[in-house]
$ cat model.cif   # mmCIF, C-alpha atoms
data_query
#
loop_
_atom_site.label_atom_id
_atom_site.label_comp_id
_atom_site.auth_asym_id
_atom_site.auth_seq_id
_atom_site.Cartn_x
_atom_site.Cartn_y
_atom_site.Cartn_z
CA MET A 200 -56.41 20.80 99.02
CA ASN A 201 -54.09 21.39 101.97
CA GLN A 202 -53.16 19.06 104.78
CA ASP A 203 -55.89 20.25 107.18
CA GLU A 204 -58.70 19.79 104.72
CA TYR A 205 -57.36 16.37 103.87
CA GLN A 206 -57.33 15.38 107.53
CA LYS A 207 -60.90 16.63 107.89
CA LEU A 208 -61.97 14.51 104.97
CA VAL A 209 -60.19 11.49 106.41
CA LYS A 210 -61.96 11.99 109.74
CA GLN A 211 -65.26 12.35 107.96
CA PHE A 212 -64.96 9.08 106.11
CA THR A 213 -63.05 6.73 108.43
CA PRO A 214 -65.68 6.03 111.12
CA LYS A 215 -68.39 5.46 108.55
CA GLU A 216 -66.30 2.90 106.71
CA ARG A 217 -65.39 1.19 109.98
CA LYS A 218 -69.07 1.05 110.90
CA PHE A 219 -69.86 -0.51 107.55
CA LYS A 220 -67.05 -3.02 107.94
CA ASN A 221 -68.21 -3.86 111.50
CA ALA A 222 -71.73 -4.45 110.24
CA VAL A 223 -70.51 -6.76 107.46
CA VAL A 224 -68.19 -8.67 109.80
CA SER A 225 -70.91 -9.23 112.39
CA PHE A 226 -73.32 -10.25 109.65
CA LEU A 227 -70.86 -12.88 108.40
CA VAL A 228 -69.84 -14.13 111.85
CA GLY A 229 -73.41 -14.28 113.15
CA GLY A 230 -74.55 -15.88 109.93
CA CYS A 231 -71.85 -18.53 110.16
CA ILE A 232 -72.92 -19.39 113.72
CA GLY A 233 -76.52 -19.81 112.53
CA PHE A 234 -75.38 -21.83 109.51
CA VAL A 235 -73.12 -24.17 111.51
CA GLY A 236 -75.88 -24.46 114.13
CA GLN A 237 -78.34 -25.52 111.43
CA ILE A 238 -75.89 -28.19 110.19
CA PHE A 239 -75.52 -29.42 113.79
CA VAL A 240 -79.32 -29.53 114.26
CA THR A 241 -79.86 -31.29 110.92
CA ILE A 242 -77.29 -33.96 111.78
CA LEU A 243 -78.89 -34.53 115.20
CA THR A 244 -82.46 -34.71 113.88
CA GLU A 245 -81.71 -36.89 110.86
CA ASN A 246 -78.96 -39.21 112.11
CA TYR A 247 -79.83 -39.44 115.80
CA HIS A 248 -83.63 -39.02 115.46
CA LEU A 249 -83.89 -36.26 118.05
CA GLY A 250 -86.79 -33.82 118.06
CA MET A 251 -86.25 -30.22 116.96
CA ILE A 252 -86.46 -28.94 120.57
CA GLU A 253 -83.95 -31.50 121.89
CA ALA A 254 -81.60 -30.79 119.01
CA SER A 255 -81.70 -27.03 119.62
CA SER A 256 -81.10 -27.61 123.33
CA TRP A 257 -77.99 -29.64 122.51
CA LEU A 258 -76.90 -26.93 120.11
CA CYS A 259 -77.41 -24.32 122.84
CA LEU A 260 -75.31 -26.35 125.30
CA PHE A 261 -72.65 -26.92 122.67
CA LEU A 262 -72.41 -23.18 121.90
CA ILE A 263 -72.18 -22.40 125.63
CA LEU A 264 -69.42 -24.98 126.09
CA PHE A 265 -67.59 -23.70 123.00
CA ALA A 266 -67.72 -20.05 124.10
CA SER A 267 -66.88 -20.80 127.74
CA VAL A 268 -63.88 -22.98 126.94
CA LEU A 269 -62.52 -20.41 124.50
CA THR A 270 -63.10 -17.64 127.05
CA ALA A 271 -61.30 -19.63 129.75
CA LEU A 272 -58.39 -20.27 127.39
CA GLY A 273 -58.25 -16.54 126.64
CA PHE A 274 -59.08 -16.60 122.93
CA PHE A 275 -62.62 -15.38 123.00
CA ASP A 276 -61.95 -11.76 123.98
CA THR A 277 -59.88 -11.22 120.86
CA TRP A 278 -62.54 -13.01 118.82
CA VAL A 279 -65.20 -10.66 120.20
CA THR A 280 -63.13 -7.58 119.38
CA LYS A 281 -62.83 -8.88 115.81
CA GLY A 282 -66.23 -10.50 115.30
CA LYS A 283 -68.14 -7.79 117.26
CA ALA A 284 -71.87 -8.37 117.70
CA GLY A 285 -71.56 -11.56 115.65
CA PHE A 286 -70.34 -13.26 118.82
CA ILE A 287 -72.29 -11.16 121.34
CA ILE A 288 -75.85 -11.56 120.07
CA PRO A 289 -75.84 -15.40 119.79
CA THR A 290 -75.91 -17.54 122.95
CA THR A 291 -72.09 -17.45 122.87
CA GLY A 292 -72.19 -13.87 124.18
CA PHE A 293 -74.29 -14.94 127.18
CA ALA A 294 -71.85 -17.73 128.06
CA HIS A 295 -68.87 -15.46 127.44
CA SER A 296 -70.16 -12.81 129.85
CA ILE A 297 -70.73 -15.35 132.64
CA THR A 298 -67.39 -17.12 132.20
CA SER A 299 -65.36 -13.93 131.96
CA ALA A 300 -67.05 -12.49 135.07
CA ALA A 301 -66.39 -15.76 136.94
CA LEU A 302 -62.72 -15.76 135.93
CA ASP A 303 -62.17 -12.07 136.66
CA TYR A 304 -63.67 -12.06 140.14
CA LYS A 305 -62.41 -15.48 141.28
CA LYS A 306 -59.43 -14.00 143.09
CA GLU A 307 -61.69 -11.89 145.33
CA GLY A 308 -63.06 -15.00 147.00
CA LEU A 309 -65.68 -17.64 146.30
CA ILE A 310 -68.61 -15.79 147.91
CA THR A 311 -67.83 -12.07 147.74
CA GLY A 312 -65.96 -12.35 144.45
CA LEU A 313 -67.20 -15.15 142.23
CA GLY A 314 -70.60 -15.63 143.83
CA SER A 315 -71.77 -12.05 143.89
CA ASN A 316 -70.34 -11.10 140.50
CA PHE A 317 -71.26 -14.29 138.61
CA PHE A 318 -74.33 -12.73 136.93
CA LYS A 319 -72.88 -9.24 136.80
CA LEU A 320 -73.17 -9.03 133.01
CA ALA A 321 -75.70 -11.76 132.18
CA GLY A 322 -77.97 -10.71 135.05
CA SER A 323 -79.68 -8.01 133.00
CA VAL A 324 -80.56 -10.51 130.27
CA ILE A 325 -82.06 -12.93 132.80
CA LEU A 326 -83.84 -10.18 134.77
CA TYR A 327 -85.43 -8.37 131.83
CA GLY A 328 -86.09 -11.66 130.05
CA ILE A 329 -88.07 -12.96 133.03
CA ILE A 330 -89.84 -9.64 133.68
CA SER A 331 -90.87 -9.12 130.05
CA ALA A 332 -91.80 -12.77 129.47
CA PHE A 333 -93.89 -12.81 132.64
CA PHE A 334 -95.89 -9.73 131.73
CA PHE A 335 -96.25 -10.79 128.11
CA ALA A 336 -97.49 -14.15 129.38
CA VAL A 337 -100.04 -12.34 131.57
CA LEU A 338 -101.12 -10.36 128.50
CA GLY A 339 -101.18 -13.59 126.51
CA VAL A 340 -103.47 -15.19 129.09
CA ILE A 341 -105.77 -12.16 128.91
CA PHE A 342 -105.83 -11.97 125.12
CA TYR A 343 -105.60 -15.59 124.02
CA GLY A 344 -106.95 -17.35 127.14
CA MET B 109 -82.67 -23.88 101.76
CA ILE B 110 -83.05 -23.73 105.53
CA PHE B 111 -79.26 -23.45 105.76
CA LEU B 112 -79.29 -20.22 103.77
CA ASN B 113 -82.23 -18.92 105.83
CA ALA B 114 -80.37 -19.73 109.06
CA PHE B 115 -77.31 -17.87 107.78
CA LEU B 116 -79.32 -14.84 106.68
CA PHE B 117 -81.49 -14.62 109.79
CA SER B 118 -78.80 -14.85 112.46
CA GLY B 119 -76.53 -12.69 110.31
CA VAL B 120 -79.12 -9.93 109.99
CA ILE B 121 -79.92 -10.03 113.72
CA CYS B 122 -76.22 -9.71 114.59
CA MET B 123 -75.81 -6.92 112.05
CA ILE B 124 -78.71 -4.97 113.60
CA GLY B 125 -77.03 -5.42 116.98
CA GLN B 126 -73.73 -4.13 115.62
CA VAL B 127 -75.37 -1.12 113.98
CA ILE B 128 -77.06 -0.25 117.30
CA LEU B 129 -73.72 -0.64 119.13
CA ASP B 130 -71.87 1.56 116.63
CA ASN B 131 -74.40 4.36 116.37
CA THR B 132 -75.55 4.75 119.95
CA LYS B 133 -73.88 4.80 123.35
CA LEU B 134 -75.55 1.54 124.37
CA THR B 135 -73.37 -1.29 125.66
CA PRO B 136 -73.59 -4.99 124.65
CA GLY B 137 -75.55 -5.51 127.89
CA HIS B 138 -78.25 -3.09 126.69
CA VAL B 139 -78.40 -4.69 123.25
CA THR B 140 -78.64 -8.30 124.48
CA SER B 141 -81.33 -7.32 127.03
CA PHE B 142 -83.23 -5.46 124.32
CA PHE B 143 -83.09 -8.48 122.00
CA THR B 144 -84.28 -10.80 124.79
CA VAL B 145 -87.29 -8.56 125.48
CA PHE B 146 -87.93 -8.25 121.76
CA GLY B 147 -87.84 -12.05 121.41
CA ALA B 148 -90.47 -12.37 124.13
CA PHE B 149 -92.55 -9.72 122.35
CA LEU B 150 -92.32 -11.50 118.98
CA SER B 151 -93.24 -14.73 120.72
CA PHE B 152 -96.26 -12.98 122.27
CA LEU B 153 -97.34 -11.90 118.79
CA GLY B 154 -96.92 -15.49 117.59
CA ILE B 155 -94.22 -14.54 115.10
CA TYR B 156 -91.22 -16.27 116.68
CA ASP B 157 -92.50 -19.81 116.06
CA ARG B 158 -92.83 -18.98 112.38
CA LEU B 159 -89.32 -17.50 112.37
CA ILE B 160 -87.98 -20.77 113.82
CA ALA B 161 -89.90 -22.74 111.19
CA TRP B 162 -88.37 -20.51 108.50
CA ALA B 163 -84.80 -20.03 109.75
CA GLY B 164 -84.32 -23.12 111.94
CA ALA B 165 -81.21 -22.85 114.08
CA GLY B 166 -80.65 -19.32 112.80
CA ALA B 167 -83.51 -18.21 115.06
CA THR B 168 -82.59 -20.46 118.00
CA VAL B 169 -78.92 -19.47 118.36
CA VAL B 170 -79.59 -15.76 118.89
CA ILE B 171 -80.32 -14.41 122.37
CA SER B 172 -83.91 -13.41 121.46
CA ASN B 173 -84.69 -17.14 121.57
CA PHE B 174 -84.21 -16.87 125.35
CA GLY B 175 -87.16 -14.48 125.61
CA HIS B 176 -89.18 -16.74 123.31
CA LEU B 177 -88.49 -19.82 125.47
CA LEU B 178 -89.42 -17.93 128.64
CA TYR B 179 -92.73 -16.74 127.20
CA GLN B 180 -93.64 -20.14 125.70
CA ALA B 181 -92.82 -21.93 128.95
CA GLY B 182 -94.92 -19.41 130.91
CA MET B 183 -97.91 -19.96 128.61
CA GLU B 184 -97.53 -23.74 128.76
CA GLY B 185 -97.35 -23.57 132.53
CA PHE B 186 -100.57 -21.54 132.59
CA HIS B 187 -102.38 -24.05 130.37
CA GLU B 188 -101.26 -26.97 132.53
CA VAL B 189 -101.59 -25.67 136.09
CA GLY B 190 -103.34 -22.32 135.86
CA VAL B 191 -102.09 -19.05 137.35
CA LEU B 192 -99.51 -20.83 139.49
CA GLY B 193 -98.07 -22.26 136.26
CA LEU B 194 -97.00 -18.75 135.22
CA PHE B 195 -94.60 -18.82 138.16
CA SER B 196 -93.66 -22.50 138.25
CA GLY B 197 -93.30 -22.94 134.50
CA LEU B 198 -91.57 -19.76 133.33
CA LEU B 199 -88.01 -21.06 133.55
CA VAL B 200 -88.69 -24.66 132.46
CA LYS B 201 -87.56 -24.36 128.85
CA SER B 202 -84.68 -21.92 129.29
CA SER B 203 -83.32 -23.97 132.18
CA THR B 204 -80.97 -25.71 129.74
CA ALA B 205 -79.23 -22.47 128.84
CA ILE B 206 -79.04 -21.07 132.39
CA VAL B 207 -77.96 -24.28 134.13
CA GLY B 208 -75.59 -25.14 131.30
CA ALA B 209 -73.93 -21.74 131.39
CA VAL B 210 -73.71 -21.70 135.20
CA VAL B 211 -72.27 -25.23 135.54
CA ILE B 212 -69.83 -24.93 132.66
CA SER B 213 -68.64 -21.45 133.68
CA PHE B 214 -68.21 -22.42 137.32
CA VAL B 215 -66.24 -25.59 136.55
CA LEU B 216 -64.06 -23.75 134.05
CA SER B 217 -63.42 -20.85 136.43
CA CYS B 218 -62.24 -23.37 139.02
CA ILE B 219 -59.78 -24.88 136.54
CA PHE B 220 -58.48 -21.86 134.63
CA ARG B 221 -56.85 -18.59 135.65
CA PRO B 222 -57.77 -15.28 134.01
CA LYS B 223 -55.41 -14.17 131.26
CA ASP B 224 -54.13 -10.63 131.77
#
$ encode --input "model.cif" --output "structure tokens"
Amino acid sequence: MNQDEYQKLVKQFTPKERKFKNAVVSFLVGGCIGFVGQIFVTILTENYHLGMIEASSWLCLFLILFASVLTALGFFDTWVTKGKAGFIIPTTGFAHSITSAALDYKKEGLITGLGSNFFKLAGSVILYGIISAFFFAVLGVIFYG
Amino acid sequence: MIFLNAFLFSGVICMIGQVILDNTKLTPGHVTSFFTVFGAFLSFLGIYDRLIAWAGAGATVVISNFGHLLYQAGMEGFHEVGVLGLFSGLLVKSSTAIVGAVVISFVLSCIFRPKD
């Protein structure tokens, strides 16, 4: 096997392996967020006698605070490049996108910069969430009454 | 046992997201929007409540829960007020996430400077 063939083989196998590693890393990171979240919810429901919905709301706020503070301090971008979708798919990704947009566009002014770019990245989630939920709710009303 | 379920569920959802990101040209924005819509769809089918009962916080930390909350709040609004409730009630439950993210991000962006 000469050098060229070897390089071809390397090219053939490297991305696949990286994809596999990315999938495993995001599985572990996302799983850990769910696991820690469940511990948080269990503590709140059992020790502080909160309902499941209240406990998950506190967890949601806590995750948003956690992700936003880390984004503002500048750690979270490196975490996202390492943890991949493990940090993007949970609520942390939503908070991260808003905080990073707010920080990036702050210098362009409060209205034209921060104000108009605040939902630049999270806007699609809110828009399509509302649109889909609205029409599914209309369908739900038709089907289930 | 619910701890293991939470780990597995949110892990698998994130892994699916990563596989989509790696194998297509879609951006994280596409994937999170897709999961939100999918969450609303699962909620419409009545599956998401069972997922939350099975995986606990594993199902509530992922972004698809946002779609679920929107749909559930819309349906509750309809049952309480009628058609107007679809409009007035849709954001009731997910208000926590939106207001929380907006307030926290705004306050933090006033305090901190972006790191280059």
$ interface_residues --input "model.cif" --of "chain B" --to "chain A" --cutoff "7 Å" --atoms "only C-alpha atoms" --output "compact mmCIF listing (two decimals) with C-alpha atoms, keeping the file's coordinate frame"
# COMPACT_ATOMS: atom_id res chain seq x y z
CA PHE B 111 -79.26 -23.45 105.76
CA ALA B 114 -80.37 -19.73 109.06
CA PHE B 115 -77.31 -17.87 107.78
CA LEU B 116 -79.32 -14.84 106.68
CA SER B 118 -78.80 -14.85 112.46
CA GLY B 119 -76.53 -12.69 110.31
CA VAL B 120 -79.12 -9.93 109.99
CA CYS B 122 -76.22 -9.71 114.59
CA MET B 123 -75.81 -6.92 112.05
CA GLY B 125 -77.03 -5.42 116.98
CA GLN B 126 -73.73 -4.13 115.62
CA VAL B 127 -75.37 -1.12 113.98
CA ASP B 130 -71.87 1.56 116.63
CA GLY B 137 -75.55 -5.51 127.89
CA THR B 140 -78.64 -8.30 124.48
CA SER B 141 -81.33 -7.32 127.03
CA THR B 144 -84.28 -10.80 124.79
CA VAL B 145 -87.29 -8.56 125.48
CA ALA B 148 -90.47 -12.37 124.13
CA PHE B 149 -92.55 -9.72 122.35
CA PHE B 152 -96.26 -12.98 122.27
CA GLY B 164 -84.32 -23.12 111.94
CA ALA B 165 -81.21 -22.85 114.08
CA GLY B 166 -80.65 -19.32 112.80
CA THR B 168 -82.59 -20.46 118.00
CA VAL B 169 -78.92 -19.47 118.36
CA VAL B 170 -79.59 -15.76 118.89
CA ILE B 171 -80.32 -14.41 122.37
CA GLY B 175 -87.16 -14.48 125.61
CA LEU B 178 -89.42 -17.93 128.64
CA TYR B 179 -92.73 -16.74 127.20
CA GLY B 182 -94.92 -19.41 130.91
CA MET B 183 -97.91 -19.96 128.61
CA THR B 204 -80.97 -25.71 129.74
CA ALA B 205 -79.23 -22.47 128.84
CA GLY B 208 -75.59 -25.14 131.30
CA ALA B 209 -73.93 -21.74 131.39
CA ILE B 212 -69.83 -24.93 132.66
CA SER B 213 -68.64 -21.45 133.68
CA PHE B 214 -68.21 -22.42 137.32
CA LEU B 216 -64.06 -23.75 134.05
CA SER B 217 -63.42 -20.85 136.43
CA PHE B 220 -58.48 -21.86 134.63
CA ARG B 221 -56.85 -18.59 135.65
CA PRO B 222 -57.77 -15.28 134.01
CA LYS B 223 -55.41 -14.17 131.26
$ axis_aligned_box --input "model.cif" --around "stretch 239-249 of chain A" --padding-each-side "8 Å" --output "AutoDock Vina command-line options"
--center_x -79.7 --center_y -34.4 --center_z 114.5 --size_x 24.4 --size_y 26.0 --size_z 23.2
$ atom_distance --input "model.cif" --atom1 "atom CA of B:Val189" --atom2 "atom CA of B:Ser202"
18.6 Å
$ residues_around --input "model.cif" --residues "B:Gly197" --least-positions-apart "6" --cutoff "8 Å" --atoms "all atoms listed in the file" --output "short mmCIF file (atom, residue, chain, number, x, y, z; two decimals) with C-alpha atoms, in the coordinates of the input"
data_model
loop_
_atom_site.label_atom_id
_atom_site.label_comp_id
_atom_site.auth_asym_id
_atom_site.auth_seq_id
_atom_site.Cartn_x
_atom_site.Cartn_y
_atom_site.Cartn_z
CA ALA B 181 -92.82 -21.93 128.95
CA GLY B 182 -94.92 -19.41 130.91
CA GLU B 184 -97.53 -23.74 128.76
CA GLY B 185 -97.35 -23.57 132.53
CA PHE B 186 -100.57 -21.54 132.59
#
$ atom_distance --input "model.cif" --atom1 "atom CA of B:Phe117" --atom2 "atom CA of B:Ile160"
9.8 Å
$ atom_distance --input "model.cif" --atom1 "atom CA of B:Phe143" --atom2 "atom CA of B:Ser172"
5.0 Å
$ closest_residue --input "model.cif" --among "B:Leu177, B:Ser151, B:Ala161, B:Leu134" --to "B:Val200" --atoms "only C-alpha atoms"
B:Leu177
